[in-house]
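Next up, entry_25.txt (compact mmCIF, C-alpha atoms and all ligand atoms):
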# COMPACT_ATOMS: atom_id res chain seq x y z
CA MET A 1 0.72 40.79 -32.02
CA THR A 2 3.22 43.66 -32.32
CA GLN A 3 5.63 41.38 -34.19
CA SER A 4 3.39 41.03 -37.24
CA LYS A 5 2.53 44.71 -37.46
CA GLN A 6 4.36 46.93 -39.92
CA ASN A 7 7.16 48.88 -38.23
CA LEU A 8 6.79 52.60 -38.90
CA ILE A 9 10.52 53.16 -38.31
CA GLY A 10 12.18 53.02 -41.72
CA LEU A 11 9.25 54.27 -43.82
CA SER A 12 9.92 57.31 -46.00
CA LYS A 13 7.67 60.36 -46.08
CA GLN A 14 6.13 59.14 -49.31
CA GLN A 15 5.53 55.66 -47.93
CA LEU A 16 3.84 57.16 -44.86
CA ARG A 17 1.62 59.30 -47.07
CA GLU A 18 0.62 56.21 -49.03
CA LEU A 19 -0.01 54.34 -45.80
CA ALA A 20 -2.28 57.12 -44.52
CA VAL A 21 -4.28 57.11 -47.77
CA SER A 22 -4.53 53.31 -47.79
CA LEU A 23 -6.04 53.50 -44.30
CA GLY A 24 -8.66 56.05 -45.37
CA GLU A 25 -6.94 59.29 -44.30
CA LYS A 26 -5.52 62.31 -46.12
CA ALA A 27 -1.92 62.12 -47.37
CA PHE A 28 -0.74 64.97 -45.11
CA ARG A 29 -1.23 62.65 -42.11
CA GLY A 30 1.83 60.86 -43.45
CA ASP A 31 3.86 64.07 -43.11
CA GLN A 32 2.68 64.44 -39.52
CA MET A 33 3.62 60.83 -38.76
CA PHE A 34 7.05 61.36 -40.34
CA ARG A 35 7.76 64.24 -37.96
CA TRP A 36 6.55 62.33 -34.90
CA ILE A 37 8.57 59.21 -35.70
CA TYR A 38 11.89 60.76 -36.70
CA HIS A 39 12.01 64.35 -35.47
CA ASP A 40 10.24 63.85 -32.12
CA GLN A 41 11.16 60.16 -31.89
CA VAL A 42 7.99 59.23 -30.03
CA GLN A 43 7.83 55.71 -28.69
CA SER A 44 4.12 55.07 -29.24
CA ILE A 45 1.42 55.98 -31.74
CA ASP A 46 -0.64 57.47 -28.88
CA GLU A 47 1.94 60.26 -28.55
CA MET A 48 1.03 61.56 -32.04
CA THR A 49 -1.34 64.09 -30.54
CA ASN A 50 -2.24 66.07 -33.66
CA ILE A 51 -3.64 62.90 -35.22
CA SER A 52 -7.25 62.04 -34.30
CA ALA A 53 -7.81 59.36 -31.68
CA ALA A 54 -9.88 57.39 -34.21
CA PHE A 55 -7.08 57.29 -36.78
CA ARG A 56 -4.52 56.44 -34.09
CA GLU A 57 -6.63 53.38 -33.27
CA VAL A 58 -6.65 52.36 -36.94
CA LEU A 59 -2.89 52.87 -37.11
CA LYS A 60 -2.36 50.76 -34.00
CA GLN A 61 -4.28 47.89 -35.55
CA HIS A 62 -1.90 47.74 -38.50
CA THR A 63 1.37 49.30 -37.44
CA ALA A 64 3.69 49.90 -34.48
CA ILE A 65 6.79 51.85 -33.57
CA THR A 66 9.21 49.02 -32.87
CA PRO A 67 12.68 50.09 -31.73
CA LEU A 68 15.82 48.01 -32.05
CA THR A 69 16.56 45.92 -28.99
CA ILE A 70 19.78 46.70 -27.15
CA ASP A 71 21.46 43.43 -26.24
CA LYS A 72 24.51 44.98 -24.63
CA LYS A 73 25.87 48.47 -24.00
CA GLN A 74 29.50 49.09 -23.10
CA VAL A 75 30.98 52.42 -22.06
CA SER A 76 34.70 53.02 -22.46
CA ASP A 77 36.50 54.17 -19.29
CA HIS A 78 39.19 55.47 -21.57
CA ASP A 79 37.28 58.08 -23.61
CA GLY A 80 33.51 57.76 -23.01
CA THR A 81 32.85 55.96 -26.29
CA ILE A 82 29.66 53.86 -26.09
CA LYS A 83 29.30 50.62 -28.04
CA PHE A 84 25.84 49.14 -28.64
CA LEU A 85 25.11 45.55 -29.57
CA PHE A 86 21.65 45.38 -31.14
CA ALA A 87 19.58 42.21 -31.57
CA LEU A 88 17.54 42.15 -34.80
CA ASP A 89 14.18 40.42 -35.31
CA ASP A 90 15.84 37.35 -36.82
CA GLU A 91 18.22 37.30 -33.83
CA LEU A 92 21.27 38.37 -35.80
CA LYS A 93 23.29 41.09 -34.09
CA ILE A 94 24.93 44.32 -35.20
CA GLU A 95 26.96 47.02 -33.53
CA SER A 96 27.05 50.83 -33.50
CA VAL A 97 29.48 53.11 -31.72
CA LEU A 98 28.88 56.57 -30.29
CA ILE A 99 32.10 58.55 -30.30
CA PRO A 100 32.71 61.86 -28.46
CA PRO A 101 35.53 64.11 -29.71
CA SER A 102 38.58 62.47 -28.23
CA ASP A 103 41.72 64.34 -29.13
CA VAL A 104 42.83 67.94 -29.09
CA GLN A 105 42.44 68.24 -32.84
CA GLU A 106 38.85 67.03 -32.85
CA ILE A 107 37.89 69.13 -29.84
CA ALA A 108 39.35 72.18 -31.56
CA GLU A 109 37.35 71.36 -34.70
CA ASP A 110 34.04 71.05 -32.89
CA MET A 111 33.59 70.64 -29.15
CA ARG A 112 30.00 69.52 -29.39
CA ARG A 113 30.62 66.91 -32.03
CA LEU A 114 29.10 63.55 -31.17
CA THR A 115 29.52 61.00 -33.92
CA LEU A 116 27.54 57.82 -34.34
CA CYS A 117 29.19 55.10 -36.40
CA ILE A 118 26.49 52.83 -37.81
CA SER A 119 26.35 49.46 -39.55
CA SER A 120 24.82 48.85 -42.96
CA GLN A 121 25.10 45.05 -43.17
CA VAL A 122 25.31 42.06 -40.83
CA GLY A 123 28.90 40.99 -41.42
CA CYS A 124 30.54 42.03 -44.68
CA PRO A 125 31.40 40.30 -47.96
CA ALA A 126 34.33 42.61 -48.82
CA ASP A 127 36.76 40.52 -46.78
CA CYS A 128 39.41 43.16 -46.02
CA LYS A 129 42.14 41.20 -44.28
CA PHE A 130 42.74 43.63 -41.41
CA CYS A 131 39.10 44.05 -40.48
CA ALA A 132 37.31 42.23 -37.69
CA THR A 133 33.95 42.50 -39.49
CA GLY A 134 35.50 40.88 -42.57
CA THR A 135 36.33 37.78 -40.49
CA MET A 136 32.64 37.23 -39.69
CA GLY A 137 31.53 36.52 -43.25
CA PHE A 138 28.33 38.02 -44.65
CA TYR A 139 24.81 37.39 -43.39
CA ARG A 140 22.52 40.00 -44.95
CA ASN A 141 21.83 43.65 -45.74
CA LEU A 142 20.15 45.81 -43.12
CA THR A 143 16.73 47.31 -43.86
CA VAL A 144 16.20 51.08 -43.80
CA GLY A 145 14.41 50.60 -40.47
CA GLU A 146 17.37 48.75 -38.97
CA ILE A 147 19.76 51.48 -40.12
CA ILE A 148 17.57 54.30 -38.78
CA GLY A 149 16.79 52.28 -35.66
CA GLN A 150 20.45 52.47 -34.66
CA VAL A 151 20.32 56.27 -34.75
CA ILE A 152 17.06 56.55 -32.79
CA GLU A 153 18.14 54.08 -30.11
CA ALA A 154 21.65 55.50 -29.72
CA GLN A 155 20.15 58.99 -29.35
CA ARG A 156 18.11 57.80 -26.37
CA HIS A 157 21.34 56.83 -24.61
CA ALA A 158 23.45 59.76 -25.80
CA PRO A 159 24.58 62.51 -23.43
CA ARG A 160 23.57 65.15 -26.02
CA ARG A 161 22.34 65.44 -29.57
CA ILE A 162 24.14 63.29 -32.11
CA SER A 163 25.77 65.70 -34.56
CA ASN A 164 27.45 63.43 -37.12
CA ILE A 165 26.74 60.06 -38.69
CA VAL A 166 29.36 57.87 -40.33
CA TYR A 167 28.53 54.71 -42.25
CA MET A 168 31.73 53.01 -41.11
CA GLY A 169 30.41 50.26 -38.88
CA MET A 170 29.79 46.70 -39.95
CA GLY A 171 29.37 46.23 -43.69
CA GLU A 172 30.18 47.98 -46.95
CA PRO A 173 27.50 50.68 -47.44
CA MET A 174 27.82 50.66 -51.24
CA LEU A 175 26.73 47.01 -51.28
CA ASN A 176 23.47 48.05 -49.61
CA TYR A 177 23.23 51.22 -51.65
CA ASP A 178 19.46 51.81 -51.89
CA ASN A 179 18.75 51.25 -48.22
CA VAL A 180 21.72 53.41 -47.21
CA MET A 181 20.65 56.29 -49.46
CA ASN A 182 17.01 56.01 -48.33
CA SER A 183 18.16 56.10 -44.72
CA ILE A 184 20.24 59.23 -45.46
CA ASP A 185 17.10 60.91 -46.87
CA ILE A 186 15.35 60.35 -43.52
CA ILE A 187 18.33 61.27 -41.34
CA GLY A 188 19.10 64.39 -43.39
CA ASP A 189 15.52 65.70 -43.62
CA ASP A 190 14.80 68.71 -41.35
CA GLU A 191 11.42 67.19 -40.56
CA GLY A 192 13.10 63.84 -39.99
CA ILE A 193 16.09 63.21 -37.75
CA GLY A 194 17.49 66.54 -38.91
CA ILE A 195 21.23 65.90 -39.12
CA SER A 196 22.55 67.87 -42.08
CA PRO A 197 23.74 65.63 -44.95
CA ARG A 198 27.01 67.59 -44.75
CA ARG A 199 27.52 65.85 -41.41
CA ILE A 200 26.82 62.40 -42.81
CA THR A 201 29.71 60.40 -44.28
CA VAL A 202 29.47 57.27 -46.37
CA SER A 203 32.64 55.23 -46.33
CA THR A 204 33.59 52.71 -48.97
CA VAL A 205 36.53 50.49 -49.80
CA GLY A 206 36.09 51.38 -53.45
CA TYR A 207 32.97 50.27 -55.30
CA VAL A 208 33.55 52.74 -58.10
CA LYS A 209 30.23 52.38 -59.92
CA LYS A 210 28.38 53.25 -56.74
CA ILE A 211 30.70 56.19 -56.05
CA LYS A 212 29.78 57.53 -59.49
CA GLN A 213 26.09 56.82 -58.93
CA MET A 214 26.23 58.74 -55.65
CA ALA A 215 27.81 61.66 -57.51
CA ASP A 216 25.28 61.48 -60.37
CA GLU A 217 22.38 61.50 -57.94
CA GLY A 218 23.71 64.67 -56.33
CA SER A 219 24.00 63.19 -52.86
CA LYS A 220 24.88 65.86 -50.31
CA ALA A 221 26.45 63.30 -47.98
CA LYS A 222 30.23 63.21 -47.79
CA LEU A 223 32.32 60.44 -49.25
CA ALA A 224 35.21 58.70 -47.51
CA ILE A 225 37.37 56.14 -49.29
CA SER A 226 39.34 53.59 -47.28
CA ILE A 227 42.47 53.64 -49.39
CA HIS A 228 45.14 52.41 -46.92
CA THR A 229 47.84 52.18 -49.61
CA LEU A 230 48.39 53.43 -53.16
CA ASP A 231 50.41 50.36 -54.04
CA ASP A 232 48.25 48.03 -56.15
CA GLU A 233 50.08 44.88 -55.15
CA LEU A 234 49.78 45.50 -51.42
CA ARG A 235 46.21 46.77 -51.73
CA THR A 236 45.17 43.61 -53.55
CA ARG A 237 46.77 41.52 -50.79
CA ILE A 238 44.94 43.24 -47.98
CA MET A 239 41.75 44.38 -49.78
CA PRO A 240 40.33 41.95 -52.37
CA ILE A 241 38.17 44.73 -53.92
CA ASN A 242 41.39 46.02 -55.50
CA ARG A 243 41.35 43.08 -57.92
CA LYS A 244 38.11 44.43 -59.32
CA HIS A 245 38.90 48.14 -59.23
CA ASN A 246 42.55 49.09 -58.95
CA VAL A 247 43.96 52.25 -57.36
CA GLU A 248 43.91 54.29 -60.60
CA GLU A 249 40.28 53.41 -61.26
CA LEU A 250 39.42 54.28 -57.67
CA LEU A 251 41.17 57.65 -57.87
CA GLU A 252 39.42 58.32 -61.15
CA SER A 253 36.04 57.72 -59.46
CA ALA A 254 37.08 60.11 -56.64
CA ARG A 255 37.90 62.76 -59.27
CA TYR A 256 34.51 62.12 -60.88
CA TYR A 257 32.87 62.61 -57.48
CA TRP A 258 34.70 65.90 -57.03
CA ARG A 259 33.81 67.15 -60.50
CA LYS A 260 30.12 66.40 -60.00
CA THR A 261 29.66 67.44 -56.37
CA ARG A 262 32.55 69.86 -55.68
CA GLN A 263 33.00 68.03 -52.41
CA ARG A 264 36.45 67.03 -51.24
CA VAL A 265 36.88 63.29 -50.75
CA THR A 266 38.35 62.03 -47.47
CA PHE A 267 40.88 59.23 -47.81
CA GLU A 268 41.20 56.94 -44.79
CA TYR A 269 44.64 55.45 -44.26
CA ILE A 270 45.12 52.84 -41.55
CA PHE A 271 48.79 53.03 -40.65
CA PHE A 272 50.38 49.58 -40.25
CA ASP A 273 53.86 49.11 -38.88
CA GLY A 274 56.22 47.92 -41.63
CA LEU A 275 53.56 47.71 -44.33
CA ASN A 276 52.49 51.11 -45.67
CA ASP A 277 54.88 53.38 -43.77
CA THR A 278 57.87 53.75 -46.12
CA GLU A 279 59.47 56.61 -48.00
CA ARG A 280 57.81 55.29 -51.14
CA ASP A 281 54.40 55.48 -49.45
CA ILE A 282 55.03 59.13 -48.61
CA LYS A 283 55.98 59.83 -52.22
CA MET A 284 52.84 58.14 -53.51
CA LEU A 285 50.63 59.99 -51.03
CA LYS A 286 52.17 63.34 -52.00
CA LYS A 287 51.05 62.72 -55.57
CA LEU A 288 47.43 62.57 -54.45
CA SER A 289 47.32 66.36 -54.41
CA GLY A 290 47.69 66.62 -58.17
CA LYS A 291 45.02 64.01 -58.69
CA VAL A 292 42.01 64.84 -56.57
CA PRO A 293 41.05 67.52 -54.01
CA CYS A 294 41.09 65.59 -50.77
CA LYS A 295 41.76 65.29 -47.08
CA LEU A 296 43.73 62.45 -45.53
CA ASN A 297 42.89 60.77 -42.23
CA ILE A 298 45.64 58.62 -40.74
CA ILE A 299 44.37 56.05 -38.24
CA PRO A 300 46.83 53.89 -36.28
CA PHE A 301 46.14 50.18 -36.61
CA HIS A 302 45.31 48.46 -33.37
CA PRO A 303 45.11 44.75 -32.63
CA ILE A 304 41.91 42.97 -33.47
CA TYR A 305 40.58 39.51 -33.22
CA LEU A 306 41.67 37.50 -36.26
CA PRO A 307 41.13 33.74 -36.49
CA GLU A 308 44.17 31.61 -35.58
CA ASN A 309 44.28 30.19 -39.11
CA SER A 310 44.25 33.60 -40.83
CA GLU A 311 47.21 33.70 -43.22
CA MET A 312 47.52 37.42 -42.49
CA LYS A 313 47.57 37.19 -38.71
CA ASP A 314 51.20 38.26 -38.39
CA THR A 315 51.08 40.83 -41.19
CA PHE A 316 49.32 43.58 -39.29
CA ARG A 317 51.13 45.31 -36.44
CA SER A 318 50.39 48.50 -34.55
CA PRO A 319 52.85 51.34 -35.13
CA ASP A 320 54.86 52.85 -32.30
CA SER A 321 53.67 56.34 -31.65
CA GLU A 322 56.96 58.07 -32.60
CA ALA A 323 57.04 56.47 -36.04
CA LEU A 324 53.43 57.41 -36.53
CA GLN A 325 54.06 61.03 -35.52
CA ARG A 326 57.08 61.25 -37.86
CA PHE A 327 55.04 59.92 -40.78
CA VAL A 328 52.20 62.36 -40.14
CA GLU A 329 54.60 65.32 -39.71
CA ARG A 330 56.34 64.50 -43.00
CA LEU A 331 53.00 64.40 -44.79
CA ARG A 332 51.84 67.63 -43.18
CA ASN A 333 55.01 69.38 -44.28
CA GLU A 334 55.10 67.99 -47.78
CA CYS A 335 51.47 67.65 -48.91
CA ASP A 336 49.21 70.52 -49.85
CA PHE A 337 46.04 68.89 -48.51
CA PRO A 338 44.95 68.55 -44.86
CA VAL A 339 46.41 65.56 -43.04
CA MET A 340 44.65 64.53 -39.80
CA LEU A 341 45.79 62.04 -37.23
CA ARG A 342 42.72 60.29 -35.93
CA SER A 343 42.65 58.49 -32.64
CA SER A 344 41.29 55.00 -32.16
CA SER A 345 38.29 55.89 -30.03
CA GLY A 346 36.86 53.11 -27.91
CA ILE A 347 39.93 50.95 -28.24
CA ASP A 348 39.29 49.24 -24.90
CA ILE A 349 35.84 48.03 -25.96
CA ASP A 350 36.73 46.97 -29.51
CA GLY A 351 34.84 49.98 -30.78
CA ALA A 352 37.45 51.50 -33.04
CA CYS A 353 37.69 51.41 -36.82
CA GLY A 354 37.88 47.85 -38.14
CA GLN A 355 37.03 46.38 -34.74
CA LEU A 356 33.30 46.10 -35.14
CA ALA A 357 32.57 42.42 -35.24
CA VAL A 358 30.07 40.49 -33.31
CA LYS A 359 32.04 37.69 -31.72
CA GLU A 360 31.22 34.25 -33.13
CA ASP A 361 29.27 33.25 -30.04
CA GLU A 362 27.28 36.48 -30.14
CA VAL A 363 26.22 36.71 -33.78
CA VAL A 364 22.99 34.74 -33.26
S1 LIG A 401 36.82 47.31 -43.76
FE1 LIG A 401 34.68 47.73 -44.26
S2 LIG A 401 34.42 46.85 -46.31
FE2 LIG A 401 36.31 45.94 -45.47
S3 LIG A 401 35.61 44.00 -44.53
FE3 LIG A 401 35.59 45.60 -42.95
S4 LIG A 401 33.49 46.35 -42.92
FE4 LIG A 401 33.79 45.27 -44.87
What is this file in structure tokens?
Ligand code: SF4
Amino acid sequence: MTQSKQNLIGLSKQQLRELAVSLGEKAFRGDQMFRWIYHDQVQSIDEMTNISAAFREVLKQHTAITPLTIDKKQVSDHDGTIKFLFALDDELKIESVLIPPSDVQEIAEDMRRLTLCISSQVGCPADCKFCATGTMGFYRNLTVGEIIGQVIEAQRHAPRRISNIVYMGMGEPMLNYDNVMNSIDIIGDDEGIGISPRRITVSTVGYVKKIKQMADEGSKAKLAISIHTLDDELRTRIMPINRKHNVEELLESARYYWRKTRQRVTFEYIFFDGLNDTERDIKMLKKLSGKVPCKLNIIPFHPIYLPENSEMKDTFRSPDSEALQRFVERLRNECDFPVMLRSSSGIDIDGACGQLAVKEDEVV
């Protein structure tokens, strides 16, 4: 049965070479398979036409190309964002969101940009208080195949080629580090999915050891840090990770990343009404420039599902657009790093940042 066969999606080039050899073929067959699976994204082993019919039969006895199953697909009337709900083999569910450029700024940056936001875990243990995924609890890490499977399946439903990948869906990528990095190797390989690592962003709430590991390993992928405030007390209240690694430690790891990779770090800042929008916040943000070469993305908070008994339910409010504009303008005038105002794409289908959570009745 297909179920018990090894899924080829998720295997690295080296693993495919080893597989070919273990089945009595030359190692280079693994390279050919790698290209068929990821670059050409064939749906069956029979489509691998430069591999002999005899070896294809052997492969079919032991392996299969098993895509992720789409459980639900929603398209936003508002901006064309597409949200996918995938069912995994153990019946857990995850989400990915395909986001076209949605505002003038993004269109000016790159008209053909099509970004896929992917999940790295089912649920998330980091428990950020404003995040819908955090309310789900943690189930498990995704395999490399489940991470790559999101890209392959979303591409089949995309209006054009996916140009950018962001690990900002469900889960904290740094807590599934090896599988995330192995998936980046496949996505970023020209013979694989072929999206340049410069167009792949890994987002973290601040696991500093992993940030440093990523820098030490010379990863070409970009790093985004969800900072949201530079005030330790507030950050600890809304992001428990801050108890483990405070703001100074986090900024130090960002500096380390810059020194090693010479890549600017992007700080993500969800803007909450009445929480991180004061004069003092502006002052603290201005000081970032002396600390680490960076870019700042401001994202307006939007309402999410939080359980009735959440002690933070009333803490998080959406900003009014004038206050948001004033804040962004001040930062643009006073900071010497780029400040972007990001829209909340897919807001009508719960597909925006911090909204990816499989509803309780949908998770299994
Ligand atoms: S914001 Fe990211 S790290 Fe925090 S709970 Fe949500 S998914 Fe996890």
With 3 Å added on each side, what axis-aligned box encloses every listed atom of ligand LIG 401 (chain A)? Give the centre and edge lengths in Å to one decimal, as lines of an AutoDock Vina configuration file.
center_x = 35.2
center_y = 45.9
center_z = -44.6
size_x = 9.3
size_y = 9.7
size_z = 9.4
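Where the distance criterion is 7 Å and the atoms used are all atoms listed in the file, the residues close to ligand LIG 401 (chain A) are Cys124, Pro125, Ala126, Asp127, Cys128, Cys131, Ala132, Thr133, Gly134, Met168, Gly169, Met170, Gly171, Glu172, Thr204, Val205 and Gly354 of chain A.
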Using all atoms listed in the file, which protein or nucleic acid residues come within 8 Å of Tyr139 of chain A? Drop anything in the same chain fewer than 5 positions from it, and give the result as a compact mmCIF listing (two decimals) with C-alpha atoms, in the coordinates of the input.
# COMPACT_ATOMS: atom_id res chain seq x y z
CA GLN A 121 25.10 45.05 -43.17
CA VAL A 122 25.31 42.06 -40.83
CA GLY A 123 28.90 40.99 -41.42
CA CYS A 124 30.54 42.03 -44.68
Correct to one decimal, the distance atom CA of Pro100 of chain A-atom CA of Arg113 of chain A is 6.5 Å
Which neighbours of segment 15-22 of chain A fall inside 10 Å, counting only C-alpha atoms, when residues of the same chain fewer than 6 positions from it are skipped, and could you give them as a count of residues only? 12
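Nearest-residue note for Ser318 of chain A: choosing from A:Arg235, A:Leu114, A:Phe130, A:Thr143, the minimum distance belongs to A:Phe130, counting only C-alpha atoms.
Atom CA of Ile299 of chain A is positioned 6.1 Å from atom CA of Tyr269 of chain A.
Ranking A:Leu296, A:Gln263, A:Asp320, A:Lys313 by their shortest atom-to-atom distance to Leu341 of chain A, with all atoms listed in the file included, puts A:Leu296 first.
Here atom CA of Gly188 of chain A is placed at a distance of 12.4 Å from atom CA of Ile162 of chain A.
The neighbours of Ala221 of chain A here are the residues that come within 7 Å of it, using only C-alpha atoms and leaving out any residue fewer than 6 positions away in the same chain; they are Pro197, Arg198, Ile200, Thr201 and Val202 of chain A.
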Using C-alpha atoms, can you write the selected residues to a file as a PDB file, in the frame of the given file?
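Result file part_13.pdb:
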ATOM      1  CA  PRO A 197      23.740  65.630 -44.950  1.00  0.00           C
ATOM      2  CA  ARG A 198      27.010  67.590 -44.750  1.00  0.00           C
ATOM      3  CA  ILE A 200      26.820  62.400 -42.810  1.00  0.00           C
ATOM      4  CA  THR A 201      29.710  60.400 -44.280  1.00  0.00           C
ATOM      5  CA  VAL A 202      29.470  57.270 -46.370  1.00  0.00           C
TER       6      VAL A 202
END
List as a PyMOL selection string the protein and nucleic acid residues near Pro293 of chain A, meaning an atom at most 7 Å away when only C-alpha atoms are counted, but skip any in the same chain fewer than 4 places from it. chain A and resi 264-265+289
Would you mind listing what lies within 12 Å of Arg237 of chain A as a PyMOL selection string, with all atoms listed in the file counted and same-chain residues fewer than 3 positions away left out? chain A and resi 127-130+228-229+231-234+240-243+246+275+311-312+315-316
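Distances here use only C-alpha atoms; by that measure, the residue among A:Val166, A:Ile184, A:Ile65, A:Val144 closest to Ser96 of chain A is A:Val166.
The residue that comes closest to Ser163 of chain A, out of A:Ile270, A:Leu175, A:Leu92, A:Ile99 and on the basis of all atoms listed in the file, is A:Ile99.
You can rank A:Ser226, A:Gln43, A:Gln74, A:Ser12 by their closest distance to Asn182 of chain A using all atoms listed in the file, and at the top of that list sits A:Ser12.
Take the candidates A:Pro67, A:Gly192, A:Gly149, A:Gly80 and check each one against Tyr38 of chain A using all atoms listed in the file; the shortest distance goes to A:Gly192.
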